[in-house]
Amino acid sequence: MRARVMSLFAALLLTVMLVPGAAAVGANNSPPPPAAVPSAAVLAQGDSTEGTEEPEEAAESLRGSIRGPDRQPIPGLTIRVTQDDAEIGTATTDDNGQWEVPLPGPGTYSVSLDPAELPEGVAPRAEGGETVTGVVVRPGANQGVIFQLAAGDSEGGGASTGPSFLDRFIQLTVEGIKFGAIIAITAVGLSLVFGTTRLINFAHGEFVTFGAVMAFFLSVSPLNLPLLVAALIAMLLTAALAGLLDLAVWRPMRHKSAGLIQQFIVAIGLALVIRHVLLVLFGSRRRGYDQYNVQTAMDLGLFRITPRDLAVTLIAFAIMALVAFMLQRTRIGKAMRAVNDNVDLASASGINVERVVLMVWVLGGALAGIGGVMLGVTQTVFTDMGFQLLLLMFAAVILGGLGSAYGAMIGALVIGLVAQYSTLWFPSSLQNMWALLVMILVLLFRPQGILGRRERVG
């Protein structure tokens, strides 16, 4: 088991170094992680407003999305961009709190807002926080800018009061459970595929993106389907894609006794192909689902949550319960667990292993597709969203126990909570780093993971 884990880490590290576009979550042109700190007012996103026709390869620009401490967008704010004390341009935040200012070229810029325009009780978190200086824009970049806002006196020029440590802890617990539930939905399929085929499916992140993108296309003109209907259809389309890949690629490779390293390389190639096809079809812009874009957070006493986030969390747990019931009570679920435990013994017992493996791929694709829609609802849809979530999915699978669906669920919740709790003391851009560090520490003392079994090697 220890040798397997070390091989997995080595392969992941090599892939991250080689695959183009493997940007960190806190990189300049990437949006923040799905569940940011609730008191952080501005989450830099690259969303484009609906109905605008812009070339995909646009010139340099600065952009952002301004939200208050309650995570609600703040429209009507004037954003001013300067360079060497010369004004470059201004923009006004729209109903979604979004703004964008085109730039004459790459360089270093300053971005500011007028604190007097902020709603009552909202102010920059730190003194002078209304101005962000030293924003470096590279050639061809659409750079995001973050303003940190908090509850306070906007006329006083600084935040006088804010949520207590306990309030933030409770709120982050809710955010961590929501984030972990989304990771769990996507990681279960990855764990089942590994358990039945021993394949590290690096294209699983692209299944997440595929589901989110398909739901977006189905929910906009000309179809204009309700998002719930679009999500169900996208889930079926992702399941079909995963099944077709098993029939067309993985099953022939298994019949030819292809090694796991060869299959892993093919999985990387498929991931790149799917990602770039989606990039051509969807574009590089980040977009949101209009039907659930702006909602007012509900105050439930101990914490605040939007109806959208509450629905996503409850649906995610309901899906996990259905998967657990299927694995424990249905014939196909029992067959999946049998193949997971011992392929040869399951085959000798009369189980059609290839049929079970196909069903595992279909189930994993469906879960990844619906998980992608949930991730797109809670943040935005973009072509790298699945890849950015992939390392957290791997972390959840390894932490919970390789091949264990229940372990993946528990590991995902741990990853989500640790990622959010870390923002109490450290910048939110580092939250995924701490989650991966916890995974490493657990594996040092329990290499088989939380629910994994000890195995003899050699």
# chains A, B, ... in the order shown; residues from 1 in each chain; ligands from 1
call {"tool": "residues_around", "arguments": {"residues": "A:Arg80", "least_positions_apart": "6", "cutoff": "12 Å", "atoms": "only C-alpha atoms", "output": "JSON, numbers by chain"}}
result
{"A": [62, 63, 86, 87, 88, 89, 90, 91, 92, 93, 99, 100, 101, 102, 103, 109, 110, 111, 112, 113, 114, 130, 131, 132, 133, 145]}
call {"tool": "write_last_selection", "arguments": {"atoms": "C-alpha atoms", "output": "compact mmCIF listing (two decimals), in the first residue's frame"}}
result
# COMPACT_ATOMS: atom_id res chain seq x y z
CA LEU A 62 -8.74 44.62 -15.01
CA ARG A 63 -11.91 43.10 -13.61
CA ALA A 86 -2.84 59.21 -14.73
CA GLU A 87 -6.40 57.95 -15.00
CA ILE A 88 -6.73 55.00 -17.39
CA GLY A 89 -10.43 54.36 -17.12
CA THR A 90 -13.43 53.87 -14.86
CA ALA A 91 -16.24 51.34 -14.56
CA THR A 92 -19.40 50.95 -12.50
CA THR A 93 -20.34 47.65 -10.89
CA TRP A 99 -16.87 45.46 -13.31
CA GLU A 100 -14.18 45.55 -15.99
CA VAL A 101 -11.83 48.26 -17.29
CA PRO A 102 -9.93 47.78 -20.58
CA LEU A 103 -6.23 48.69 -20.46
CA TYR A 109 -1.72 49.76 -12.29
CA SER A 110 -3.61 51.00 -9.22
CA VAL A 111 -7.31 50.35 -8.67
CA SER A 112 -9.50 52.23 -6.22
CA LEU A 113 -13.11 52.66 -5.17
CA ASP A 114 -14.86 55.48 -3.29
CA GLU A 130 -10.12 51.17 -0.82
CA THR A 131 -7.02 51.28 -3.07
CA VAL A 132 -5.13 48.29 -4.45
CA THR A 133 -1.69 49.28 -5.76
CA VAL A 145 -8.58 42.52 -8.42
call {"tool": "residues_around", "arguments": {"residues": "stretch 349-362 of chain A", "least_positions_apart": "4", "cutoff": "8 Å", "atoms": "only C-alpha atoms", "output": "PDB file with C-alpha atoms, in the first residue's frame"}}
result
ATOM      1  CA  GLY A 189     -16.749   8.116  -8.901  1.00  0.00           C
ATOM      2  CA  LEU A 192     -14.917   3.561  -7.546  1.00  0.00           C
ATOM      3  CA  VAL A 193     -13.046   3.626 -10.864  1.00  0.00           C
ATOM      4  CA  THR A 196     -12.453  -1.670  -9.850  1.00  0.00           C
ATOM      5  CA  THR A 197      -9.786  -0.981 -12.490  1.00  0.00           C
ATOM      6  CA  ALA A 239     -22.495   9.522 -17.829  1.00  0.00           C
ATOM      7  CA  ALA A 240     -22.775   8.687 -21.536  1.00  0.00           C
ATOM      8  CA  ALA A 242     -17.732   8.220 -19.470  1.00  0.00           C
ATOM      9  CA  GLY A 243     -19.383   5.015 -20.682  1.00  0.00           C
ATOM     10  CA  ASP A 246     -14.734   2.946 -21.336  1.00  0.00           C
ATOM     11  CA  LEU A 247     -16.109   1.059 -24.347  1.00  0.00           C
ATOM     12  CA  ARG A 251     -11.936  -1.845 -22.353  1.00  0.00           C
ATOM     13  CA  ILE A 332     -25.185  -3.955  -9.019  1.00  0.00           C
ATOM     14  CA  ALA A 335     -21.265  -6.531  -7.517  1.00  0.00           C
ATOM     15  CA  MET A 336     -19.269  -3.287  -7.559  1.00  0.00           C
ATOM     16  CA  VAL A 339     -15.124  -6.438  -7.960  1.00  0.00           C
ATOM     17  CA  VAL A 343     -11.657  -9.065  -9.378  1.00  0.00           C
ATOM     18  CA  LEU A 345     -12.889 -14.030  -7.154  1.00  0.00           C
ATOM     19  CA  ALA A 366     -22.944  10.968 -13.696  1.00  0.00           C
TER      20      ALA A 366
END
call {"tool": "atom_distance", "arguments": {"atom1": "atom CA of A:Ala412", "atom2": "atom CA of A:Gly449"}}
result
12.2 Å
call {"tool": "closest_residue", "arguments": {"among": "A:His204, A:Arg287, A:Arg71, A:His276", "to": "A:Leu190", "atoms": "only C-alpha atoms"}}
result
A:His204
call {"tool": "residues_around", "arguments": {"residues": "A:Gly301", "least_positions_apart": "3", "cutoff": "12 Å", "atoms": "only C-alpha atoms", "output": "PDB file with C-alpha atoms, in the first residue's frame"}}
result
ATOM      1  CA  ASP A 167     -19.277  33.455  14.405  1.00  0.00           C
ATOM      2  CA  ILE A 170     -19.541  28.483  12.626  1.00  0.00           C
ATOM      3  CA  GLN A 171     -19.919  30.187   9.248  1.00  0.00           C
ATOM      4  CA  ALA A 297     -28.597  35.218   2.151  1.00  0.00           C
ATOM      5  CA  MET A 298     -30.940  33.802   4.777  1.00  0.00           C
ATOM      6  CA  ARG A 304     -26.072  32.860   6.974  1.00  0.00           C
ATOM      7  CA  ILE A 305     -26.567  30.910   3.761  1.00  0.00           C
TER       8      ILE A 305
END
call {"tool": "residues_around", "arguments": {"residues": "A:Val414", "least_positions_apart": "4", "cutoff": "10 Å", "atoms": "only C-alpha atoms", "output": "PyMOL selection string"}}
result
chain A and resi 176-177+180-181+184+395-396+399-400+408-410+418-419+435+438-439
call {"tool": "residues_around", "arguments": {"residues": "A:Gly376", "least_positions_apart": "6", "cutoff": "10 Å", "atoms": "only C-alpha atoms", "output": "ChimeraX atom specification"}}
result
/A:34,208-209,211-213,215-216,286-289,370,382,385
call {"tool": "write_last_selection", "arguments": {"atoms": "all heavy atoms", "output": "compact mmCIF listing (two decimals), in the first residue's frame"}}
result
# COMPACT_ATOMS: atom_id res chain seq x y z
N PRO A 34 -13.87 27.66 -4.52
CA PRO A 34 -15.32 27.73 -4.57
C PRO A 34 -15.95 28.37 -3.36
O PRO A 34 -16.88 29.12 -3.47
CB PRO A 34 -15.73 26.25 -4.71
CG PRO A 34 -14.55 25.58 -5.33
CD PRO A 34 -13.35 26.34 -4.84
N VAL A 208 -16.12 16.72 -14.73
CA VAL A 208 -16.74 17.78 -13.91
C VAL A 208 -17.00 19.01 -14.78
O VAL A 208 -18.11 19.58 -14.77
CB VAL A 208 -15.84 18.13 -12.72
CG1 VAL A 208 -16.39 19.33 -11.95
CG2 VAL A 208 -15.69 16.92 -11.79
N THR A 209 -15.99 19.42 -15.54
CA THR A 209 -16.15 20.59 -16.40
C THR A 209 -17.19 20.34 -17.48
O THR A 209 -18.01 21.22 -17.80
CB THR A 209 -14.81 20.95 -17.05
OG1 THR A 209 -13.81 21.11 -16.05
CG2 THR A 209 -14.91 22.23 -17.85
N GLY A 211 -19.86 18.43 -17.43
CA GLY A 211 -21.21 18.54 -16.89
C GLY A 211 -21.62 19.98 -16.67
O GLY A 211 -22.75 20.37 -17.00
N ALA A 212 -20.71 20.80 -16.13
CA ALA A 212 -21.03 22.20 -15.89
C ALA A 212 -21.27 22.96 -17.19
O ALA A 212 -22.20 23.76 -17.30
CB ALA A 212 -19.91 22.86 -15.09
N VAL A 213 -20.43 22.69 -18.19
CA VAL A 213 -20.56 23.39 -19.48
C VAL A 213 -21.83 22.97 -20.20
O VAL A 213 -22.55 23.79 -20.78
CB VAL A 213 -19.31 23.13 -20.34
CG1 VAL A 213 -19.53 23.64 -21.77
CG2 VAL A 213 -18.09 23.80 -19.74
N ALA A 215 -24.63 21.90 -18.87
CA ALA A 215 -25.76 22.53 -18.19
C ALA A 215 -25.87 24.00 -18.57
O ALA A 215 -26.98 24.53 -18.71
CB ALA A 215 -25.61 22.37 -16.68
N PHE A 216 -24.73 24.67 -18.73
CA PHE A 216 -24.76 26.08 -19.12
C PHE A 216 -25.37 26.24 -20.51
O PHE A 216 -26.25 27.09 -20.71
CB PHE A 216 -23.34 26.66 -19.10
CG PHE A 216 -23.28 28.10 -19.54
CD1 PHE A 216 -23.51 29.12 -18.62
CD2 PHE A 216 -23.00 28.44 -20.85
CE1 PHE A 216 -23.46 30.45 -19.03
CE2 PHE A 216 -22.94 29.76 -21.25
CZ PHE A 216 -23.17 30.77 -20.33
N ARG A 286 -15.21 33.27 -18.04
CA ARG A 286 -15.93 32.63 -16.95
C ARG A 286 -17.35 33.16 -16.90
O ARG A 286 -17.57 34.36 -16.94
CB ARG A 286 -15.21 32.88 -15.61
CG ARG A 286 -13.82 32.27 -15.57
CD ARG A 286 -13.08 32.70 -14.32
NE ARG A 286 -11.80 32.04 -14.21
CZ ARG A 286 -10.69 32.45 -14.79
NH1 ARG A 286 -10.71 33.56 -15.53
NH2 ARG A 286 -9.55 31.79 -14.64
N ARG A 287 -18.29 32.25 -16.80
CA ARG A 287 -19.70 32.64 -16.84
C ARG A 287 -20.45 31.95 -15.71
O ARG A 287 -20.04 30.90 -15.23
CB ARG A 287 -20.32 32.27 -18.19
CG ARG A 287 -19.52 32.76 -19.39
CD ARG A 287 -20.06 32.21 -20.68
NE ARG A 287 -19.16 32.50 -21.80
CZ ARG A 287 -19.35 32.08 -23.04
NH1 ARG A 287 -20.42 31.37 -23.34
NH2 ARG A 287 -18.49 32.39 -23.98
N GLY A 288 -21.56 32.55 -15.32
CA GLY A 288 -22.37 31.98 -14.26
C GLY A 288 -23.74 31.60 -14.77
O GLY A 288 -24.18 32.05 -15.83
N TYR A 289 -24.42 30.76 -14.01
CA TYR A 289 -25.80 30.42 -14.33
C TYR A 289 -26.71 31.57 -13.92
O TYR A 289 -26.83 31.89 -12.73
CB TYR A 289 -26.21 29.15 -13.59
CG TYR A 289 -25.41 27.93 -13.96
CD1 TYR A 289 -24.61 27.28 -13.02
CD2 TYR A 289 -25.45 27.41 -15.24
CE1 TYR A 289 -23.88 26.15 -13.35
CE2 TYR A 289 -24.71 26.28 -15.59
CZ TYR A 289 -23.94 25.66 -14.64
OH TYR A 289 -23.21 24.55 -14.98
N ILE A 370 -23.02 16.00 -12.27
CA ILE A 370 -23.87 16.77 -11.37
C ILE A 370 -23.04 17.56 -10.37
O ILE A 370 -23.40 18.67 -9.98
CB ILE A 370 -24.86 15.82 -10.64
CG1 ILE A 370 -25.96 16.64 -9.96
CG2 ILE A 370 -24.15 14.94 -9.64
CD1 ILE A 370 -26.86 17.39 -10.89
N PHE A 382 -15.99 27.65 -15.88
CA PHE A 382 -14.84 27.94 -16.73
C PHE A 382 -14.15 26.62 -17.04
O PHE A 382 -14.36 25.60 -16.36
CB PHE A 382 -13.88 28.95 -16.09
CG PHE A 382 -13.40 28.56 -14.72
CD1 PHE A 382 -12.15 28.00 -14.53
CD2 PHE A 382 -14.20 28.77 -13.60
CE1 PHE A 382 -11.70 27.65 -13.27
CE2 PHE A 382 -13.77 28.41 -12.34
CZ PHE A 382 -12.51 27.86 -12.17
N MET A 385 -12.09 24.50 -14.33
CA MET A 385 -12.68 24.29 -13.00
C MET A 385 -12.50 22.84 -12.55
O MET A 385 -12.23 22.57 -11.38
CB MET A 385 -14.17 24.67 -13.03
CG MET A 385 -15.01 23.87 -14.02
SD MET A 385 -16.71 24.48 -14.15
CE MET A 385 -17.33 24.14 -12.50
call {"tool": "residues_around", "arguments": {"residues": "A:Gly386", "least_positions_apart": "3", "cutoff": "8 Å", "atoms": "only C-alpha atoms", "output": "ChimeraX atom specification"}}
result
/A:204-209,372,383,389-390
call {"tool": "closest_residue", "arguments": {"among": "A:Gln388, A:Ser164, A:Gln262, A:Gln379", "to": "A:Leu424", "atoms": "only C-alpha atoms"}}
result
A:Ser164
call {"tool": "select_by_dssp", "arguments": {"residues": "stretch 173-357 of chain A", "states": "strand (DSSP E or B)", "output": "list in words"}}
result
Arg286, Arg287, Met298, Asp299, Arg304 and Ile305 of chain A
call {"tool": "closest_atom_pairs", "arguments": {"of": "stretch 337-435 of chain A", "to": "stretch 312-327 of chain A", "cutoff": "9 Å", "atoms": "only C-alpha atoms", "output": "JSON lines"}}
result
{"residue": "A:Arg337", "atom": "CA", "partner": "A:Leu327", "partner_atom": "CA", "distance": 7.1}
{"residue": "A:Leu367", "atom": "CA", "partner": "A:Ile319", "partner_atom": "CA", "distance": 8.6}
{"residue": "A:Gly371", "atom": "CA", "partner": "A:Ala316", "partner_atom": "CA", "distance": 8.1}
{"residue": "A:Met374", "atom": "CA", "partner": "A:Val312", "partner_atom": "CA", "distance": 6.2}
{"residue": "A:Leu375", "atom": "CA", "partner": "A:Val312", "partner_atom": "CA", "distance": 8.9}
{"residue": "A:Val377", "atom": "CA", "partner": "A:Val312", "partner_atom": "CA", "distance": 8.3}
{"residue": "A:Thr378", "atom": "CA", "partner": "A:Val312", "partner_atom": "CA", "distance": 8.1}
{"residue": "A:Ala405", "atom": "CA", "partner": "A:Ala324", "partner_atom": "CA", "distance": 8.3}
{"residue": "A:Tyr406", "atom": "CA", "partner": "A:Ala324", "partner_atom": "CA", "distance": 7.7}
{"residue": "A:Met409", "atom": "CA", "partner": "A:Met320", "partner_atom": "CA", "distance": 7.8}
call {"tool": "select_by_dssp", "arguments": {"residues": "stretch 97-224 of chain A", "states": "alpha helix (DSSP H)", "output": "ChimeraX atom specification"}}
result
/A:165-197,204-219
call {"tool": "decode", "arguments": {"residues": "stretch 339-361 of chain A", "atoms": "N, CA and C atoms", "output": "JSON list (two decimals), in the first residue's frame"}}
result
[["chain", "number", "residue", "atom", "x", "y", "z"],
["A", 339, "VAL", "N", -16.22, -6.68, -7.01],
["A", 339, "VAL", "CA", -15.12, -6.44, -7.96],
["A", 339, "VAL", "C", -14.05, -5.57, -7.33],
["A", 340, "ASN", "N", -14.47, -4.62, -6.51],
["A", 340, "ASN", "CA", -13.52, -3.76, -5.82],
["A", 340, "ASN", "C", -12.63, -4.58, -4.88],
["A", 341, "ASP", "N", -13.21, -5.56, -4.20],
["A", 341, "ASP", "CA", -12.45, -6.37, -3.25],
["A", 341, "ASP", "C", -11.51, -7.33, -3.94],
["A", 342, "ASN", "N", -12.01, -8.08, -4.94],
["A", 342, "ASN", "CA", -11.19, -9.09, -5.61],
["A", 342, "ASN", "C", -11.79, -9.38, -6.97],
["A", 343, "VAL", "N", -11.14, -8.91, -8.02],
["A", 343, "VAL", "CA", -11.66, -9.06, -9.38],
["A", 343, "VAL", "C", -11.74, -10.54, -9.77],
["A", 344, "ASP", "N", -10.69, -11.30, -9.50],
["A", 344, "ASP", "CA", -10.66, -12.71, -9.91],
["A", 344, "ASP", "C", -11.73, -13.51, -9.19],
["A", 345, "LEU", "N", -11.88, -13.30, -7.91],
["A", 345, "LEU", "CA", -12.89, -14.03, -7.15],
["A", 345, "LEU", "C", -14.29, -13.64, -7.61],
["A", 346, "ALA", "N", -14.50, -12.35, -7.90],
["A", 346, "ALA", "CA", -15.81, -11.91, -8.38],
["A", 346, "ALA", "C", -16.13, -12.55, -9.72],
["A", 347, "SER", "N", -15.15, -12.63, -10.61],
["A", 347, "SER", "CA", -15.36, -13.27, -11.91],
["A", 347, "SER", "C", -15.66, -14.75, -11.75],
["A", 348, "ALA", "N", -14.93, -15.43, -10.86],
["A", 348, "ALA", "CA", -15.17, -16.85, -10.62],
["A", 348, "ALA", "C", -16.53, -17.10, -9.99],
["A", 349, "SER", "N", -17.10, -16.09, -9.34],
["A", 349, "SER", "CA", -18.42, -16.23, -8.71],
["A", 349, "SER", "C", -19.55, -15.98, -9.69],
["A", 350, "GLY", "N", -19.23, -15.71, -10.94],
["A", 350, "GLY", "CA", -20.26, -15.51, -11.96],
["A", 350, "GLY", "C", -20.61, -14.07, -12.23],
["A", 351, "ILE", "N", -19.88, -13.12, -11.67],
["A", 351, "ILE", "CA", -20.15, -11.71, -11.91],
["A", 351, "ILE", "C", -19.52, -11.29, -13.24],
["A", 352, "ASN", "N", -20.30, -10.59, -14.05],
["A", 352, "ASN", "CA", -19.80, -10.06, -15.32],
["A", 352, "ASN", "C", -18.96, -8.81, -15.00],
["A", 353, "VAL", "N", -17.65, -9.01, -14.91],
["A", 353, "VAL", "CA", -16.77, -7.94, -14.47],
["A", 353, "VAL", "C", -16.81, -6.76, -15.43],
["A", 354, "GLU", "N", -16.79, -7.01, -16.73],
["A", 354, "GLU", "CA", -16.79, -5.91, -17.69],
["A", 354, "GLU", "C", -18.06, -5.08, -17.60],
["A", 355, "ARG", "N", -19.19, -5.75, -17.37],
["A", 355, "ARG", "CA", -20.44, -5.01, -17.21],
["A", 355, "ARG", "C", -20.40, -4.15, -15.95],
["A", 356, "VAL", "N", -19.85, -4.69, -14.88],
["A", 356, "VAL", "CA", -19.75, -3.92, -13.64],
["A", 356, "VAL", "C", -18.83, -2.73, -13.82],
["A", 357, "VAL", "N", -17.70, -2.93, -14.49],
["A", 357, "VAL", "CA", -16.77, -1.83, -14.72],
["A", 357, "VAL", "C", -17.44, -0.74, -15.55],
["A", 358, "LEU", "N", -18.22, -1.14, -16.57],
["A", 358, "LEU", "CA", -18.93, -0.14, -17.38],
["A", 358, "LEU", "C", -19.91, 0.65, -16.52],
["A", 359, "MET", "N", -20.63, -0.03, -15.64],
["A", 359, "MET", "CA", -21.58, 0.67, -14.77],
["A", 359, "MET", "C", -20.86, 1.61, -13.81],
["A", 360, "VAL", "N", -19.66, 1.21, -13.36],
["A", 360, "VAL", "CA", -18.88, 2.09, -12.50],
["A", 360, "VAL", "C", -18.49, 3.37, -13.24],
["A", 361, "TRP", "N", -18.06, 3.23, -14.50],
["A", 361, "TRP", "CA", -17.71, 4.40, -15.29],
["A", 361, "TRP", "C", -18.93, 5.31, -15.50]]
